Amino acid sequence: MPCRVFNMLMRALWIMGLLLLVLWVTPQASAQPYPKKPIRLLVGNSPGGGTDLIARTLSQKLFEAWGHSVVVEHRPGGTGAVASVTVAKAAPDGYSMMIVTSSSHAIAPALQSDLPYHPVRDFAPVALVATAPQILVAHPALAANSVKELIALAKARPGALNYASSGTGTLGYMTAELLKSVTQTDIVHIPYKGTGSAVIELLGGQVQLMFSAPGAVIQHVRAGKLKSIAVASAKRPAGLEDVTTFAEAGYPAIEASNWYAILTTAGTPKAIVDKLNQAIVRATGLPEVKESFFTQGYEATTSTPQQLEQLIRHDLAKWQKVVKATGAPKK
């Protein structure tokens, strides 16, 4: 009998020890530093564009910092809707991120009430990474060289001037509609299937005006094939110090930049979001990253998660007002 009691006691102690070991190991495993496996970074556009460049630059720098791959995945479709839904429905663990733009998370929601995602509620903002202000350029034959002259010409000839865009609902289109709303002018929209074809038509004189990111047109301005009218930013950006702003011309409300930012899934722990933010802010501050962005017409920019959320909310409300004021067609 004493032997049986002893064996039972030893077995109980062994089980208790095993339980204590499990209880100790479990929190240790969950406390492993993030990241501990590859991260995917979704892009809502096809490979080769500006968004792809920014995503690949960041993925390389995050890999160098963490030693874990950041895999860029392209999910084009629906102005970023396909990629957005994928990230919105992912596990909230920081292993699914997305690079978004003002087009996908401010303009598209303003134009489409039936989007399968909410631009704020379904995501956790991480950091702003780059901006590209819209610049208004014109064919050299246009009889206007300043904002004042352009508005006077448009008022004198309602409906006679036209502007190109890379498509209805794009930032260039919305910025032109903002211009029309603020200045009370009538300028006709000519949409094209992409920026490239719109620029070609502008160079040929088939259209007279166009709002664009600097990277697509500034080389033509430098070559004298186009002329700059004004840039839609609060201050003159780097590389465009010789171009006046709409604010300087007396129209501060005409401000529009395409911004690029990183979001992850709503509900992701704050500690992970903060670690992502710190790493991305550090990456965008590197001289080689700034130079890479600058040569493509972008300015490396940073923010806190809170500042990014405020930006998304601000621009969403802004473009909703423009849609309402101008009657821009909803999709």
# chains A, B, ... in the order shown; residues from 1 in each chain; ligands from 1
$ closest_atom_pairs --of "range 58-165 of chain A" --to "range 304-307 of chain A" --cutoff "6 Å" --atoms "only C-alpha atoms" --output "CSV"
residue,atom,partner,partner_atom,distance
A:Pro125,CA,A:Pro305,CA,5.0
A:Val126,CA,A:Pro305,CA,4.7
A:Ala127,CA,A:Pro305,CA,5.5
$ closest_atom_pairs --of "range 94-136 of chain A" --to "range 161-172 of chain A" --cutoff "8 Å" --atoms "only C-alpha atoms" --output "tab-separated table"
residue	atom	partner	partner_atom	distance
A:Ser102	CA	A:Leu171	CA	7.8
A:Ser103	CA	A:Leu171	CA	6.3
A:Ile107	CA	A:Gly169	CA	7.0
A:Ala108	CA	A:Gly169	CA	7.1
A:Leu111	CA	A:Gly169	CA	7.2
A:Gln134	CA	A:Gly172	CA	7.1
$ write_last_selection --atoms "N, CA and C atoms" --output "compact mmCIF listing (two decimals), in the first residue's frame"
# COMPACT_ATOMS: atom_id res chain seq x y z
N SER A 102 -4.85 57.64 -52.25
CA SER A 102 -6.04 58.47 -52.09
C SER A 102 -7.13 58.03 -53.04
N SER A 103 -6.76 57.44 -54.18
CA SER A 103 -7.76 56.96 -55.13
C SER A 103 -8.58 55.82 -54.56
N ILE A 107 -11.15 58.71 -52.82
CA ILE A 107 -11.95 59.04 -54.00
C ILE A 107 -12.95 57.94 -54.33
N ALA A 108 -12.48 56.69 -54.41
CA ALA A 108 -13.39 55.58 -54.74
C ALA A 108 -14.56 55.49 -53.76
N LEU A 111 -17.13 58.11 -54.57
CA LEU A 111 -17.87 57.89 -55.81
C LEU A 111 -18.73 56.63 -55.78
N GLN A 134 -0.69 67.07 -57.34
CA GLN A 134 -1.16 67.24 -58.71
C GLN A 134 -0.64 68.56 -59.28
$ residues_around --residues "Lys227 in chain A" --least-positions-apart "2" --cutoff "6 Å" --atoms "only C-alpha atoms" --output "ChimeraX atom specification"
/A:137-138,140,221
$ write_last_selection --atoms "N, CA and C atoms" --output "compact mmCIF listing (two decimals), in the first residue's frame"
# COMPACT_ATOMS: atom_id res chain seq x y z
N VAL A 137 -0.83 71.20 -66.02
CA VAL A 137 0.02 71.54 -67.17
C VAL A 137 -0.87 71.81 -68.38
N ALA A 138 -0.32 72.54 -69.34
CA ALA A 138 -1.09 72.92 -70.52
C ALA A 138 -0.24 72.79 -71.77
N PRO A 140 1.51 74.26 -74.96
CA PRO A 140 2.12 75.59 -75.13
C PRO A 140 1.25 76.57 -75.91
N VAL A 221 7.64 69.37 -69.46
CA VAL A 221 7.68 70.79 -69.09
C VAL A 221 9.11 71.29 -69.22
$ residues_around --residues "Val72 in chain A" --least-positions-apart "5" --cutoff "7 Å" --atoms "only C-alpha atoms" --output "number ranges by chain"
A: 40-42, 55-56
$ closest_residue --among "A:Pro33, A:Gly50, A:Pro38, A:Gly267" --to "Gly67 in chain A" --atoms "only C-alpha atoms"
A:Pro38
$ atom_distance --atom1 "CA of Val281 in chain A" --atom2 "CA of Thr86 in chain A"
24.5 Å
$ select_by_dssp --residues "range 55-298 of chain A" --states "alpha helix (DSSP H)" --output "PyMOL selection string"
chain A and resi 55-66+81-88+102+108-111+147-156+171-183+195-203+214-222+270-284+287-295
$ atom_distance --atom1 "CA of Trp319 in chain A" --atom2 "CA of Trp259 in chain A"
14.1 Å
$ residues_around --residues "Gly205 in chain A" --least-positions-apart "4" --cutoff "10 Å" --atoms "only C-alpha atoms" --output "number ranges by chain"
A: 138-142, 199-201, 209, 226
$ closest_residue --among "A:Leu128, A:Met174, A:Met98, A:Leu286" --to "Leu311 in chain A" --atoms "only C-alpha atoms"
A:Leu128
$ closest_residue --among "A:Ala132, A:Ala110, A:Ala83, A:Val100" --to "Asp315 in chain A" --atoms "only C-alpha atoms"
A:Ala110
$ residues_around --residues "Pro47 in chain A" --least-positions-apart "2" --cutoff "10 Å" --atoms "only C-alpha atoms" --output "list of chain:residue names"
A:Val43, A:Gly44, A:Asn45, A:Gly49, A:Gly50, A:Thr51, A:Asp52, A:Leu53, A:Val72, A:Glu73, A:His74, A:Arg75, A:Pro76
$ closest_residue --among "A:Thr175, A:Thr185, A:Asn277, A:Thr265" --to "Ala253 in chain A" --atoms "only C-alpha atoms"
A:Thr175
$ select_by_dssp --residues "range 95-146 of chain A" --states "strand (DSSP E or B)" --output "ChimeraX atom specification"
/A:96-101,123-133,135-138
$ closest_residue --among "A:Thr295, A:Lys180, A:Thr268, A:Arg282" --to "Ala90 in chain A" --atoms "only C-alpha atoms"
A:Thr268
$ closest_residue --among "A:Phe293, A:Ile229, A:Ile312, A:Val85" --to "Ala144 in chain A" --atoms "only C-alpha atoms"
A:Ile229
$ residues_around --residues "Gly159 in chain A" --least-positions-apart "6" --cutoff "8 Å" --atoms "only C-alpha atoms" --output "ChimeraX atom specification"
/A:186-188
$ write_last_selection --atoms "N, CA and C atoms" --output "PDB file, in the first residue's frame"
ATOM      1  N   ASP A 186     -16.408  76.533 -66.617  1.00  0.00           N
ATOM      2  CA  ASP A 186     -16.912  75.394 -67.381  1.00  0.00           C
ATOM      3  C   ASP A 186     -15.806  74.906 -68.321  1.00  0.00           C
ATOM      4  N   ILE A 187     -15.147  73.812 -67.946  1.00  0.00           N
ATOM      5  CA  ILE A 187     -14.095  73.211 -68.744  1.00  0.00           C
ATOM      6  C   ILE A 187     -14.501  71.764 -69.016  1.00  0.00           C
ATOM      7  N   VAL A 188     -14.397  71.323 -70.241  1.00  0.00           N
ATOM      8  CA  VAL A 188     -14.927  70.020 -70.654  1.00  0.00           C
ATOM      9  C   VAL A 188     -13.935  68.894 -70.369  1.00  0.00           C
TER      10      VAL A 188
END
$ closest_atom_pairs --of "range 83-181 of chain A" --to "range 238-246 of chain A" --cutoff "9 Å" --atoms "only C-alpha atoms" --output "JSON lines"
{"residue": "A:Ile135", "atom": "CA", "partner": "A:Val243", "partner_atom": "CA", "distance": 8.9}
{"residue": "A:Ser146", "atom": "CA", "partner": "A:Thr244", "partner_atom": "CA", "distance": 8.7}
{"residue": "A:Val147", "atom": "CA", "partner": "A:Phe246", "partner_atom": "CA", "distance": 7.3}
